[in-house]
Amino acid sequence: MTKYNAFYGQSGGVTAVINATAAGVIDTARTHCDRIGSVYAGVNGIVGALNEELVDIGQESSDNLAGLLHTPSGAFGSCRFKLQDLTAQRAEYVRLLEVFKAHDIRYFFYNGGGDSQDTTHKLSQCAKEMGYPLTCVGIPKTIDNDLPLTDNSPGFGSVAKYVAISALEASYDVESMHSSSTKVFIMEVMGRHTGWIAAASCLAQDERGLGPDLILVPEVVFDKASFLARVDQVVAEKGFCVVVVAEGIKAADGKFISESGSTDAFGHTQLGGVAPRLVDLIKQNLSYKCHWAVCDYLQRSARHIASQVDVDQAYAVGRAAAEYALQGRDSVMPAIVRDEHPPYSWTLTPVLLSDVANREKAMPEEYISEDGFGVTEAGRAYFAPLIQGEAHPPYENGLPAYVRMSKSLVRKKLASHTPQNN
Ligand code: F6P
């Protein structure tokens, strides 16, 4: 049987489990070594393909490859790089196909969120148009959990577990100190347009009054007066208040409460810093002592408390992607389907990239409590299974024993190329 090589790229914000997906692709390719020759990983995703910087996975040690399952971040480097439309930027597509042709690559796997699925979809269209036989499969990944047509996205379960545990532990701290010290703790989590991550912290709420008291999501317009009134009420009732806030909350005028002023290659505004703004508001209006934290990269790299369900799903989508490609399914993505009946179980099914690309899945309204400051039972039921199970990495000298790829590059065959954008 004729063998062809495969390209695998990581794209967008990384997660605690994206490398488990890489492991799924690599293991499956190896199982089918009669059909897939080498797996080449792009250095920094698609940018590596444009620059002909391809990591030869075959040169990585078996320890490194095994360690992908428990190592956070993007082992081969990720990117925020937008491929323009074919008509606007033909040269980049021509370049990609030249690189793939030069290295006998006929399978393309791209592991990312909505923008990355768009890249894969466009590349598939372009390869068809240019008559190059390339099978393109998108692989889901985003802590934001906003990919459509999949029950959840790999990466989300672990971030959900991290924020729920952090909110729980911080609430223990504030409870101990509130009588003479801090009354309000505000924890900021990611979520540019959707509140999935913040909402998942509801899992830490319990009948003893621990966990977050208020959860602020971008789906609900932020109203200063009602926020302050609720904080004041909670402090009056129980002595302290724990708030979890999504970075992307907006005021009635549609402006983010926190904007850093810079944008990325996709035109997304960089966010971060809403927690200190809320703290200022509370200090000025209620005079409570506050503490705050911005979880930022800590939340998406926290492999030490990853969810086992998330690790399993991340690996499985990598496996499925390679299998779909071998079945000749082009321009698809494995989506997670939740079985309707308990106990929690899931399967994978291929969905079309044209239906996934550039679409964001908002949280259903029925997950948000009527007052806009909490999560309903339906929401809890959705989130709860995703954080189940511990997937501890091995430890050495008290620290997780994470691996680092040697990234041995395949010899270049083409003249160098200057990327057209970014
Ligand atoms: O893609 C997920 C995400 O983590 C967002 O929630 C966040 O706004 C963004 O990435 C931050 O990305 P960057 O590292 O590119 O600034």
# chains A, B, ... in the order shown; residues from 1 in each chain; ligands from 1
$ select_by_dssp --residues "range 163-402 of chain A" --states "alpha helix (DSSP H)" --output "PyMOL selection string"
chain A and resi 163-177+196-200+224-238+274-286+296-301+308-326+353-356+377-383
$ closest_atom_pairs --of "chain A" --to "ligand 1" --cutoff "6 Å" --atoms "only C-alpha atoms and all ligand atoms" --output "tab-separated table"
residue	atom	partner	partner_atom_place_in_ligand_line	distance
A:Gly12	CA	ligand 1	1 (O)	5.7
A:Gly13	CA	ligand 1	1 (O)	4.0
A:Thr142	CA	ligand 1	1 (O)	5.8
A:Ile143	CA	ligand 1	2 (C)	5.6
A:Asp144	CA	ligand 1	6 (O)	5.3
A:Met190	CA	ligand 1	6 (O)	4.3
A:Gly191	CA	ligand 1	6 (O)	4.3
A:Arg192	CA	ligand 1	8 (O)	4.9
A:Gln270	CA	ligand 1	16 (O)	6.0
$ closest_residue --among "A:Phe76, A:Tyr297, A:Trp196, A:Tyr395" --to "Arg380 in chain A" --atoms "only C-alpha atoms"
A:Trp196
$ closest_residue --among "A:Thr150, A:Leu50, A:Ala306, A:Arg277" --to "Ala91 in chain A" --atoms "only C-alpha atoms"
A:Leu50
$ closest_residue --among "A:Ser38, A:Thr31, A:Gly195, A:Val99" --to "Ala362 in chain A" --atoms "only C-alpha atoms"
A:Gly195
$ atom_distance --atom1 "CA of Ala246 in chain A" --atom2 "CA of Asp151 in chain A"
20.7 Å
$ residues_around --residues "Val242 in chain A" --least-positions-apart "2" --cutoff "12 Å" --atoms "only C-alpha atoms" --output "ChimeraX atom specification"
/A:166-175,178,182-188,201-202,204-205,209-216,230-232,234-235,238-240,244-245,275,279,290-293,373
$ residues_around --residues "range 363-369 of chain A" --least-positions-apart "6" --cutoff "10 Å" --atoms "only C-alpha atoms" --output "PyMOL selection string"
chain A and resi 145-146+193-196+199+215-220+375-382
$ closest_residue --among "A:Phe7, A:Ala20, A:Gly254, A:Pro148" --to "Ile36 in chain A" --atoms "only C-alpha atoms"
A:Phe7
$ select_by_dssp --residues "range 55-285 of chain A" --states "strand (DSSP E)" --output "ChimeraX atom specification"
/A:55-56,105-112,135-140,184-189,214-216,241-246
$ residues_around --residues "Leu326 in chain A" --least-positions-apart "3" --cutoff "12 Å" --atoms "only C-alpha atoms" --output "list in words"
Lys3, Tyr4, Asn5, Ala6, Val25, Thr28, Ala29, Thr31, His32, Cys33, Asp34, Arg35, Ile36, Arg106, Tyr107, Phe108, Phe109, Leu134, Thr135, Cys136, Val137, Arg319, Ala320, Ala321, Ala322, Glu323, Arg329 and Asp330 of chain A
$ residues_around --residues "range 403-416 of chain A" --least-positions-apart "6" --cutoff "12 Å" --atoms "only C-alpha atoms" --output "ChimeraX atom specification"
/A:19,38-44,48-77,95-104,393-396
$ write_last_selection --atoms "C-alpha atoms" --output "CSV table (one decimal), in the first residue's frame"
chain,number,residue,atom,x,y,z
A,19,ASN,CA,-0.4,17.2,23.9
A,38,SER,CA,6.3,9.9,9.0
A,39,VAL,CA,4.3,12.3,11.2
A,40,TYR,CA,5.8,15.8,11.0
A,41,ALA,CA,4.7,18.5,13.5
A,42,GLY,CA,4.7,22.1,12.5
A,43,VAL,CA,6.9,24.3,14.7
A,44,ASN,CA,4.3,26.8,15.9
A,48,GLY,CA,6.0,25.9,10.7
A,49,ALA,CA,4.4,24.6,7.5
A,50,LEU,CA,4.9,27.9,5.8
A,51,ASN,CA,8.5,28.1,7.0
A,52,GLU,CA,9.1,24.5,6.2
A,53,GLU,CA,10.0,23.9,9.9
A,54,LEU,CA,8.8,20.4,10.5
A,55,VAL,CA,9.6,18.4,13.6
A,56,ASP,CA,10.3,14.7,12.7
A,57,ILE,CA,8.3,12.9,15.4
A,58,GLY,CA,10.2,9.7,14.6
A,59,GLN,CA,13.3,11.3,16.1
A,60,GLU,CA,11.7,11.9,19.5
A,61,SER,CA,12.6,9.5,22.2
A,62,SER,CA,9.9,7.0,23.4
A,63,ASP,CA,10.0,8.7,26.8
A,64,ASN,CA,9.2,12.1,25.2
A,65,LEU,CA,6.3,10.6,23.2
A,66,ALA,CA,4.9,8.8,26.2
A,67,GLY,CA,5.2,12.0,28.2
A,68,LEU,CA,3.0,13.9,25.8
A,69,LEU,CA,0.0,12.4,27.6
A,70,HIS,CA,0.8,14.2,30.9
A,71,THR,CA,2.6,17.4,29.7
A,72,PRO,CA,0.8,20.7,29.4
A,73,SER,CA,1.1,23.5,26.8
A,74,GLY,CA,1.8,23.0,23.1
A,75,ALA,CA,4.8,20.6,22.8
A,76,PHE,CA,5.6,21.7,19.3
A,77,GLY,CA,4.7,25.3,19.6
A,95,ARG,CA,3.4,27.8,-0.4
A,96,LEU,CA,1.7,25.3,2.0
A,97,LEU,CA,0.9,22.9,-0.8
A,98,GLU,CA,4.5,23.2,-2.2
A,99,VAL,CA,5.8,22.3,1.3
A,100,PHE,CA,3.4,19.4,1.6
A,101,LYS,CA,4.3,18.2,-1.9
A,102,ALA,CA,8.0,18.5,-1.2
A,103,HIS,CA,7.6,16.3,1.9
A,104,ASP,CA,5.1,13.9,0.6
A,393,PRO,CA,1.3,13.4,36.1
A,394,PRO,CA,4.3,11.4,37.5
A,395,TYR,CA,6.4,13.5,40.0
A,396,GLU,CA,10.1,13.7,40.4
$ closest_residue --among "A:Tyr288, A:Phe227, A:Tyr8, A:Phe156" --to "Thr120 in chain A" --atoms "only C-alpha atoms"
A:Tyr8
$ atom_distance --atom1 "CA of Cys79 in chain A" --atom2 "CA of Ile46 in chain A"
7.6 Å
$ closest_residue --among "A:Lys289, A:Lys82, A:His417, A:Lys141" --to "Thr15 in chain A" --atoms "only C-alpha atoms"
A:Lys141
$ atom_distance --atom1 "CA of Lys255 in chain A" --atom2 "CA of Gly114 in chain A"
22.5 Å
$ residues_around --residues "Leu86 in chain A" --least-positions-apart "3" --cutoff "10 Å" --atoms "only C-alpha atoms" --output "list in words"
Leu83, Gln89, Arg90, Ala91, Glu92, Tyr93, Val94, Lys122, Leu123, Gln125 and Cys126 of chain A
$ write_last_selection --atoms "N, CA and C atoms" --output "PDB file, in the first residue's frame"
ATOM      1  N   LEU A  83      -4.907  32.476   8.271  1.00  0.00           N
ATOM      2  CA  LEU A  83      -4.751  32.374   6.822  1.00  0.00           C
ATOM      3  C   LEU A  83      -5.877  33.193   6.204  1.00  0.00           C
ATOM      4  N   GLN A  89      -5.061  35.944  -0.508  1.00  0.00           N
ATOM      5  CA  GLN A  89      -3.680  35.573  -0.164  1.00  0.00           C
ATOM      6  C   GLN A  89      -3.303  34.236  -0.784  1.00  0.00           C
ATOM      7  N   ARG A  90      -3.415  34.145  -2.071  1.00  0.00           N
ATOM      8  CA  ARG A  90      -3.171  32.875  -2.772  1.00  0.00           C
ATOM      9  C   ARG A  90      -1.769  32.329  -2.498  1.00  0.00           C
ATOM     10  N   ALA A  91      -0.796  33.238  -2.399  1.00  0.00           N
ATOM     11  CA  ALA A  91       0.605  32.828  -2.262  1.00  0.00           C
ATOM     12  C   ALA A  91       0.837  31.930  -1.041  1.00  0.00           C
ATOM     13  N   GLU A  92       0.115  32.191   0.047  1.00  0.00           N
ATOM     14  CA  GLU A  92       0.327  31.385   1.255  1.00  0.00           C
ATOM     15  C   GLU A  92      -0.159  29.955   1.066  1.00  0.00           C
ATOM     16  N   TYR A  93      -1.277  29.812   0.378  1.00  0.00           N
ATOM     17  CA  TYR A  93      -1.806  28.459   0.139  1.00  0.00           C
ATOM     18  C   TYR A  93      -0.903  27.701  -0.825  1.00  0.00           C
ATOM     19  N   VAL A  94      -0.449  28.421  -1.841  1.00  0.00           N
ATOM     20  CA  VAL A  94       0.450  27.792  -2.820  1.00  0.00           C
ATOM     21  C   VAL A  94       1.697  27.306  -2.089  1.00  0.00           C
ATOM     22  N   LYS A 122     -10.368  26.012   4.976  1.00  0.00           N
ATOM     23  CA  LYS A 122      -9.893  26.765   3.804  1.00  0.00           C
ATOM     24  C   LYS A 122      -8.807  25.995   3.069  1.00  0.00           C
ATOM     25  N   LEU A 123      -7.928  25.368   3.836  1.00  0.00           N
ATOM     26  CA  LEU A 123      -6.837  24.626   3.204  1.00  0.00           C
ATOM     27  C   LEU A 123      -7.400  23.452   2.405  1.00  0.00           C
ATOM     28  N   GLN A 125     -10.332  23.296   0.973  1.00  0.00           N
ATOM     29  CA  GLN A 125     -10.952  23.831  -0.243  1.00  0.00           C
ATOM     30  C   GLN A 125      -9.886  24.149  -1.281  1.00  0.00           C
ATOM     31  N   CYS A 126      -8.820  24.761  -0.776  1.00  0.00           N
ATOM     32  CA  CYS A 126      -7.758  25.205  -1.663  1.00  0.00           C
ATOM     33  C   CYS A 126      -7.042  24.017  -2.323  1.00  0.00           C
TER      34      CYS A 126
END
$ decode --residues "range 13-38 of chain A" --atoms "C-alpha atoms" --output "short mmCIF file (atom, residue, chain, number, x, y, z; two decimals), in the first residue's frame"
data_model
loop_
_atom_site.label_atom_id
_atom_site.label_comp_id
_atom_site.auth_asym_id
_atom_site.auth_seq_id
_atom_site.Cartn_x
_atom_site.Cartn_y
_atom_site.Cartn_z
CA GLY A 13 -4.32 29.14 23.01
CA VAL A 14 -2.81 25.96 24.43
CA THR A 15 -4.34 23.72 27.08
CA ALA A 16 -3.34 21.24 29.76
CA VAL A 17 -4.25 18.34 27.47
CA ILE A 18 -3.58 19.32 23.85
CA ASN A 19 -0.44 17.17 23.87
CA ALA A 20 -2.58 14.15 24.73
CA THR A 21 -4.31 14.79 21.40
CA ALA A 22 -0.92 14.84 19.68
CA ALA A 23 -0.26 11.47 21.32
CA GLY A 24 -3.57 10.15 19.94
CA VAL A 25 -2.66 11.20 16.40
CA ILE A 26 0.89 9.84 16.63
CA ASP A 27 -0.07 6.49 18.20
CA THR A 28 -2.76 5.92 15.59
CA ALA A 29 -0.46 6.87 12.73
CA ARG A 30 2.06 4.36 14.06
CA THR A 31 -0.57 1.66 14.24
CA HIS A 32 -1.22 2.31 10.55
CA CYS A 33 2.41 2.55 9.51
CA ASP A 34 1.57 0.75 6.29
CA ARG A 35 -0.38 3.88 5.23
CA ILE A 36 1.13 6.77 7.16
CA GLY A 37 4.88 7.14 6.86
CA SER A 38 6.26 9.92 9.04
#
